[in-house]
Structures are given as C-alpha cells and as structure tokens.
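Source file: entry_31.txt (compact mmCIF, C-alpha atoms)
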```txt
# COMPACT_ATOMS: atom_id res chain seq x y z
CA ASP A 1 8.15 -15.18 -15.17
CA VAL A 2 4.86 -14.73 -13.36
CA LYS A 3 2.53 -12.26 -14.90
CA VAL A 4 -0.67 -10.36 -14.22
CA THR A 5 -1.87 -8.30 -17.14
CA GLN A 6 -4.58 -5.68 -17.35
CA SER A 7 -6.40 -4.83 -20.54
CA SER A 8 -5.54 -1.13 -20.66
CA ARG A 9 -3.01 1.18 -19.01
CA TYR A 10 -5.15 4.27 -19.64
CA LEU A 11 -8.88 4.55 -20.25
CA VAL A 12 -11.17 7.54 -20.69
CA LYS A 13 -14.94 7.07 -20.41
CA ARG A 14 -17.99 9.28 -20.08
CA THR A 15 -20.39 9.48 -17.16
CA GLY A 16 -23.05 6.79 -17.41
CA GLU A 17 -21.08 4.44 -19.63
CA LYS A 18 -20.65 0.78 -18.73
CA VAL A 19 -16.97 0.05 -18.23
CA PHE A 20 -15.17 -3.29 -18.23
CA LEU A 21 -11.69 -3.68 -16.77
CA GLU A 22 -10.10 -7.01 -17.53
CA CYS A 23 -7.37 -8.82 -15.62
CA VAL A 24 -5.63 -12.03 -16.66
CA GLN A 25 -3.06 -14.06 -14.72
CA ASP A 26 -0.99 -16.94 -16.02
CA MET A 27 0.00 -18.50 -12.69
CA ASP A 28 -3.07 -20.72 -12.14
CA HIS A 29 -3.87 -18.74 -8.99
CA GLU A 30 -7.12 -19.38 -7.15
CA ASN A 31 -7.49 -15.91 -5.64
CA MET A 32 -7.84 -12.68 -7.54
CA PHE A 33 -8.43 -9.12 -6.31
CA TRP A 34 -9.45 -5.69 -7.53
CA TYR A 35 -8.20 -2.56 -5.75
CA ARG A 36 -8.48 1.11 -6.44
CA GLN A 37 -5.77 3.56 -5.49
CA ASP A 38 -6.35 7.23 -4.80
CA PRO A 39 -3.92 9.89 -3.53
CA GLY A 40 -3.77 9.97 0.26
CA LEU A 41 -5.96 6.87 0.62
CA GLY A 42 -3.61 4.07 -0.40
CA LEU A 43 -5.01 0.91 -1.98
CA ARG A 44 -8.55 -0.10 -1.09
CA LEU A 45 -10.05 -3.51 -1.82
CA ILE A 46 -13.15 -3.46 -4.05
CA TYR A 47 -13.86 -7.17 -4.61
CA PHE A 48 -12.04 -10.44 -4.50
CA SER A 49 -12.63 -13.94 -5.79
CA TYR A 50 -11.32 -17.17 -4.32
CA ASP A 51 -12.59 -19.47 -7.06
CA VAL A 52 -14.36 -19.48 -10.39
CA LYS A 53 -17.82 -17.94 -10.08
CA MET A 54 -17.12 -17.06 -6.43
CA LYS A 55 -16.79 -13.49 -5.24
CA GLU A 56 -16.77 -11.50 -2.05
CA LYS A 57 -17.17 -7.81 -1.38
CA GLY A 58 -14.18 -5.89 -0.23
CA ASP A 59 -14.20 -2.60 1.61
CA ILE A 60 -15.66 -0.38 -1.13
CA PRO A 61 -17.87 -2.48 -3.46
CA GLU A 62 -20.55 0.16 -4.09
CA GLY A 63 -20.90 1.02 -7.78
CA TYR A 64 -18.91 -2.03 -8.91
CA SER A 65 -19.55 -5.64 -9.81
CA VAL A 66 -17.22 -8.45 -10.86
CA SER A 67 -17.20 -11.55 -12.99
CA ARG A 68 -15.02 -14.62 -12.86
CA GLU A 69 -16.07 -17.17 -15.45
CA LYS A 70 -12.59 -18.64 -15.91
CA LYS A 71 -9.85 -19.17 -13.37
CA GLU A 72 -7.36 -16.93 -15.14
CA ARG A 73 -9.65 -13.96 -15.76
CA PHE A 74 -11.27 -11.54 -13.32
CA SER A 75 -13.31 -8.63 -14.64
CA LEU A 76 -14.33 -5.45 -12.84
CA ILE A 77 -17.51 -3.81 -14.11
CA LEU A 78 -18.67 -0.26 -13.57
CA GLU A 79 -22.36 -0.47 -14.45
CA SER A 80 -22.76 3.29 -14.85
CA ALA A 81 -19.48 5.14 -14.53
CA SER A 82 -19.38 8.27 -12.41
CA THR A 83 -16.71 10.93 -12.01
CA ASN A 84 -15.90 9.75 -8.47
CA GLN A 85 -14.76 6.46 -9.98
CA THR A 86 -11.85 8.20 -11.66
CA SER A 87 -8.90 6.33 -10.15
CA MET A 88 -6.05 3.88 -10.63
CA TYR A 89 -7.35 0.31 -10.65
CA LEU A 90 -5.04 -2.54 -9.71
CA CYS A 91 -5.60 -6.25 -10.11
CA ALA A 92 -3.72 -8.87 -8.10
CA SER A 93 -3.64 -12.63 -7.76
CA THR A 94 -2.33 -15.13 -5.25
CA SER A 95 -2.34 -18.77 -4.35
CA PRO A 96 -2.28 -20.29 -0.86
CA GLY A 97 1.32 -20.65 0.24
CA SER A 98 2.86 -22.90 2.82
CA GLY A 99 1.55 -22.05 6.27
CA GLY A 100 -1.11 -19.86 4.73
CA ALA A 101 1.15 -16.91 3.89
CA ALA A 102 0.79 -15.83 0.29
CA GLU A 103 2.42 -13.16 -1.81
CA GLN A 104 0.11 -11.13 -4.04
CA PHE A 105 1.23 -10.44 -7.60
CA PHE A 106 -0.01 -7.16 -9.01
CA GLY A 107 -0.72 -6.00 -12.52
CA PRO A 108 0.57 -2.68 -13.86
CA GLY A 109 -2.71 -0.86 -13.20
CA THR A 110 -5.35 0.88 -15.31
CA ARG A 111 -5.73 4.62 -14.92
CA LEU A 112 -9.40 5.32 -15.54
CA THR A 113 -10.71 8.83 -16.11
CA VAL A 114 -14.47 9.40 -16.14
CA LEU A 115 -15.52 12.68 -17.72
CA ASP B 116 -8.50 1.40 8.88
CA ALA B 117 -4.95 0.25 8.30
CA LYS B 118 -3.50 -1.83 11.11
CA THR B 119 -0.07 -0.32 10.61
CA THR B 120 1.54 3.07 11.11
CA GLN B 121 4.46 4.27 8.99
CA PRO B 122 6.23 7.62 8.64
CA PRO B 123 4.97 9.41 5.52
CA SER B 124 8.41 10.02 4.04
CA MET B 125 12.13 9.35 4.46
CA ASP B 126 15.34 10.20 2.64
CA CYS B 127 18.38 7.98 2.34
CA ALA B 128 21.78 8.54 0.74
CA GLU B 129 22.67 6.25 -2.12
CA GLY B 130 24.81 3.32 -0.94
CA ARG B 131 23.68 3.63 2.65
CA ALA B 132 21.26 1.35 4.45
CA ALA B 133 17.63 2.42 4.41
CA ASN B 134 15.74 1.49 7.58
CA LEU B 135 11.98 1.78 7.24
CA PRO B 136 9.99 1.40 10.46
CA CYS B 137 6.48 0.10 10.90
CA ASN B 138 4.29 0.03 13.98
CA HIS B 139 1.69 -2.72 14.28
CA SER B 140 0.90 -2.68 17.98
CA THR B 141 -2.43 -4.52 17.61
CA ILE B 142 -1.01 -7.45 15.66
CA SER B 143 -2.40 -10.82 16.67
CA GLY B 144 -0.59 -14.13 16.93
CA ASN B 145 -1.56 -15.49 13.54
CA GLU B 146 -0.92 -12.32 11.52
CA TYR B 147 2.02 -12.00 9.18
CA VAL B 148 3.93 -8.83 8.41
CA TYR B 149 4.35 -8.15 4.69
CA TRP B 150 6.30 -5.47 2.90
CA TYR B 151 5.59 -4.27 -0.62
CA ARG B 152 6.88 -1.36 -2.60
CA GLN B 153 5.37 0.64 -5.44
CA ILE B 154 7.54 2.42 -7.92
CA HIS B 155 5.84 5.30 -9.69
CA SER B 156 3.20 4.22 -12.23
CA GLN B 157 3.62 0.51 -11.50
CA GLY B 158 1.74 -2.04 -9.43
CA PRO B 159 3.02 -2.94 -5.94
CA GLN B 160 5.87 -5.45 -5.80
CA TYR B 161 6.36 -7.98 -3.01
CA ILE B 162 9.56 -7.59 -1.00
CA ILE B 163 9.48 -9.86 2.03
CA HIS B 164 7.26 -11.20 4.80
CA GLY B 165 7.63 -12.75 8.25
CA LEU B 166 5.72 -14.05 11.23
CA LYS B 167 8.05 -14.03 14.24
CA ASN B 168 11.61 -14.53 13.11
CA ASN B 169 13.80 -12.12 11.24
CA GLU B 170 13.93 -12.79 7.52
CA THR B 171 16.37 -11.99 4.74
CA ASN B 172 16.20 -12.37 0.98
CA GLU B 173 18.03 -10.93 -1.99
CA MET B 174 16.13 -7.65 -1.75
CA ALA B 175 15.94 -6.84 1.94
CA SER B 176 15.94 -7.88 5.58
CA LEU B 177 12.97 -7.81 7.91
CA ILE B 178 13.52 -7.33 11.62
CA ILE B 179 10.51 -8.04 13.85
CA THR B 180 10.66 -7.10 17.52
CA GLU B 181 10.22 -9.82 20.08
CA ASP B 182 6.77 -8.55 21.10
CA ARG B 183 5.90 -8.30 17.36
CA LYS B 184 4.48 -4.81 17.82
CA SER B 185 6.86 -3.25 15.33
CA SER B 186 9.19 -4.16 12.51
CA THR B 187 11.88 -2.61 10.34
CA LEU B 188 12.56 -3.20 6.67
CA ILE B 189 16.23 -2.81 5.83
CA LEU B 190 17.54 -2.17 2.33
CA PRO B 191 21.25 -2.73 2.95
CA HIS B 192 22.69 -0.62 0.13
CA ALA B 193 20.03 1.69 -1.25
CA THR B 194 20.19 2.68 -4.91
CA LEU B 195 18.30 5.32 -6.85
CA ARG B 196 16.05 2.54 -8.19
CA ASP B 197 14.83 1.91 -4.63
CA THR B 198 12.99 5.24 -4.63
CA ALA B 199 9.38 4.17 -4.12
CA VAL B 200 6.48 4.04 -1.69
CA TYR B 201 6.93 1.20 0.80
CA TYR B 202 3.91 -0.45 2.39
CA CYS B 203 3.87 -2.47 5.59
CA ILE B 204 0.83 -4.74 5.88
CA VAL B 205 -0.37 -7.20 8.48
CA THR B 206 -2.72 -9.93 7.41
CA THR B 207 -4.12 -13.16 8.70
CA SER B 208 -3.11 -16.26 6.84
CA GLY B 209 -6.06 -17.74 5.05
CA THR B 210 -7.91 -14.53 4.29
CA TYR B 211 -5.35 -13.11 1.85
CA LYS B 212 -6.99 -9.74 2.37
CA TYR B 213 -4.59 -6.87 2.68
CA ILE B 214 -5.33 -3.50 4.21
CA PHE B 215 -2.93 -1.01 2.70
CA GLY B 216 -2.09 2.18 4.55
CA THR B 217 -0.52 5.16 2.85
CA GLY B 218 3.03 3.81 3.19
CA THR B 219 6.40 5.55 3.44
CA ARG B 220 7.70 7.48 0.46
CA LEU B 221 11.43 6.71 0.36
CA LYS B 222 13.63 8.97 -1.69
CA VAL B 223 17.17 7.78 -2.32
CA LEU B 224 19.48 10.72 -2.91
CA ALA B 225 22.54 10.67 -5.15
```

Could you show the structure in this file as structure tokens?
Amino acid sequence: DVKVTQSSRYLVKRTGEKVFLECVQDMDHENMFWYRQDPGLGLRLIYFSYDVKMKEKGDIPEGYSVSREKKERFSLILESASTNQTSMYLCASTSPGSGGAAEQFFGPGTRLTVL
Amino acid sequence: DAKTTQPPSMDCAEGRAANLPCNHSTISGNEYVYWYRQIHSQGPQYIIHGLKNNETNEMASLIITEDRKSSTLILPHATLRDTAVYYCIVTTSGTYKYIFGTGTRLKVLA
C-alpha cells in the first residue's frame, strides 16, 4: 500500500520560531510537493522537487524554504513562523506515468497553528 | 488562477448517481483532466483522469465532451462515505503541477 507520511498531524508554534515539517514517501517517487490549504482558497503550491537536491518555487514560496537530501524525504522549513502561516500543510509525491500523466499521492496533512 | 470552474456545492440522495460538472474551456491539447476528492481532515485522494476519451474505474466514470471544454465525474451509486470536496484539475503532462480550485462540496443525503 503506497504511503506518504507527515511528521505531525497537529503542531502549535510561536511567532518567530523555526519550524520543520517533514514528509516521507515509500514509493521511490522522484517528485515531491508541498501545498498549503486555507478556507476559500483551495490548495496552493509552495514548493516542489523533481530530484534530490533539486527544488522549484511554486505559487506562494515567500516565507518558506525546502530541503531534499534524500529521495524519500522532503522537508518544508518556516525560517521565522508568522501568524499568517497558520494553515493546513499537505505533502504529495508522484512519479512520471505512461504518457506523462501522473497521479499525486497525498499525506494526511499537518495542521499548523502559529500563535 | 484555477483553470477550472465547478459549482460550490451539490446534494445527492444515497444510492443515486452523483454527476459533478467541471468547466475547463481554456484547456489545451496536451492537458489532462484529473479528479480528486478530499474527505474532511484527510489529504486529497485520486479518483480518475483522462485526456480525450471517457474513462471508468472502480470508483467513478469520467465523461469528457468532444470539444474537451467540460467534463463530468459520475459516482454511479453514491454512499454517505462519498461526502467530500471534489476537485477537477487540468494539468500538462510533464510538469506535474496542479492548480487546485475550491472544488465542489458534495453532500450525500440518507
């Protein structure tokens, strides 16, 4: 059974703290993604990675960075957490499928609250 | 901005077919149509995808119009467990980047 796991389901941090959100997939997927989900805005792409040590900015990268040192692990870093980063964070992974179409597998999400 | 337009909400009686529409009038020739759903407090789950032809799997059927400007996801016999937000996404093969809209909140009624 394919699996994407995220380090925490719920997290509470204080303004200014450095926050690490971890994502691990066991499917040997090349591509991994970080999204945030807010009411009325749907899912928005923060960063994605298509290989180890490779990363690309998504639509809302400001205030975030990422790290991918191993193929199975993709970390999202909030260098200095702010209250407007309170959100649900979702990790996903995928591998190129036949004809280029590829299903994304999502983790359960981390609900981060920044006080 | 999302490339798709979906109604914000729909109701469906349990046991009946749920037909969820999606408009993607600006779709280009190499873009696929994907459907995902998100049950409360979980990550999105893949349902089905297609390029030109209609598709069916164990979960649902996908009907794409001939001009590809719209599609319909059909859940043939909706159950209470199908209550979720359903997202229609168009994406170019090779980029693997999705743009999620706000989806359709389907409520299946007993």

Edge lengths and centre, in Å to one decimal, as AutoDock Vina command-line options: that's what I need for the box along x, y and z that holds all listed atoms of stretch 58-63 of chain A plus 8 Å on each side.
```
--center_x -17.5 --center_y -2.4 --center_z -3.1 --size_x 22.7 --size_y 22.9 --size_z 25.4
```

Inset, instruction - Please identify every residue of chain B that has at least one atom no more than 8 Å from any atom of chain A, counting all atoms listed in the file, and report them as a PyMOL selection string. - result: chain B and resi 147+156-161+208-209+211+213-218

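Atom CA of A:Thr113 lies 4.8 Å from atom CA of A:Val12.
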
Legend entry - Best match for closeness to B:Thr119 among B:Val223, B:Val148, B:Leu195, B:Ala133, counting all atoms listed in the file: B:Val148

Inset, instruction - Quick one: pull the distance between atom CA of B:His139 and atom CA of B:Gln153, Å, one decimal. - result: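 Computed distance, atom CA of B:His139 to atom CA of B:Gln153, equals 20.3 Å.
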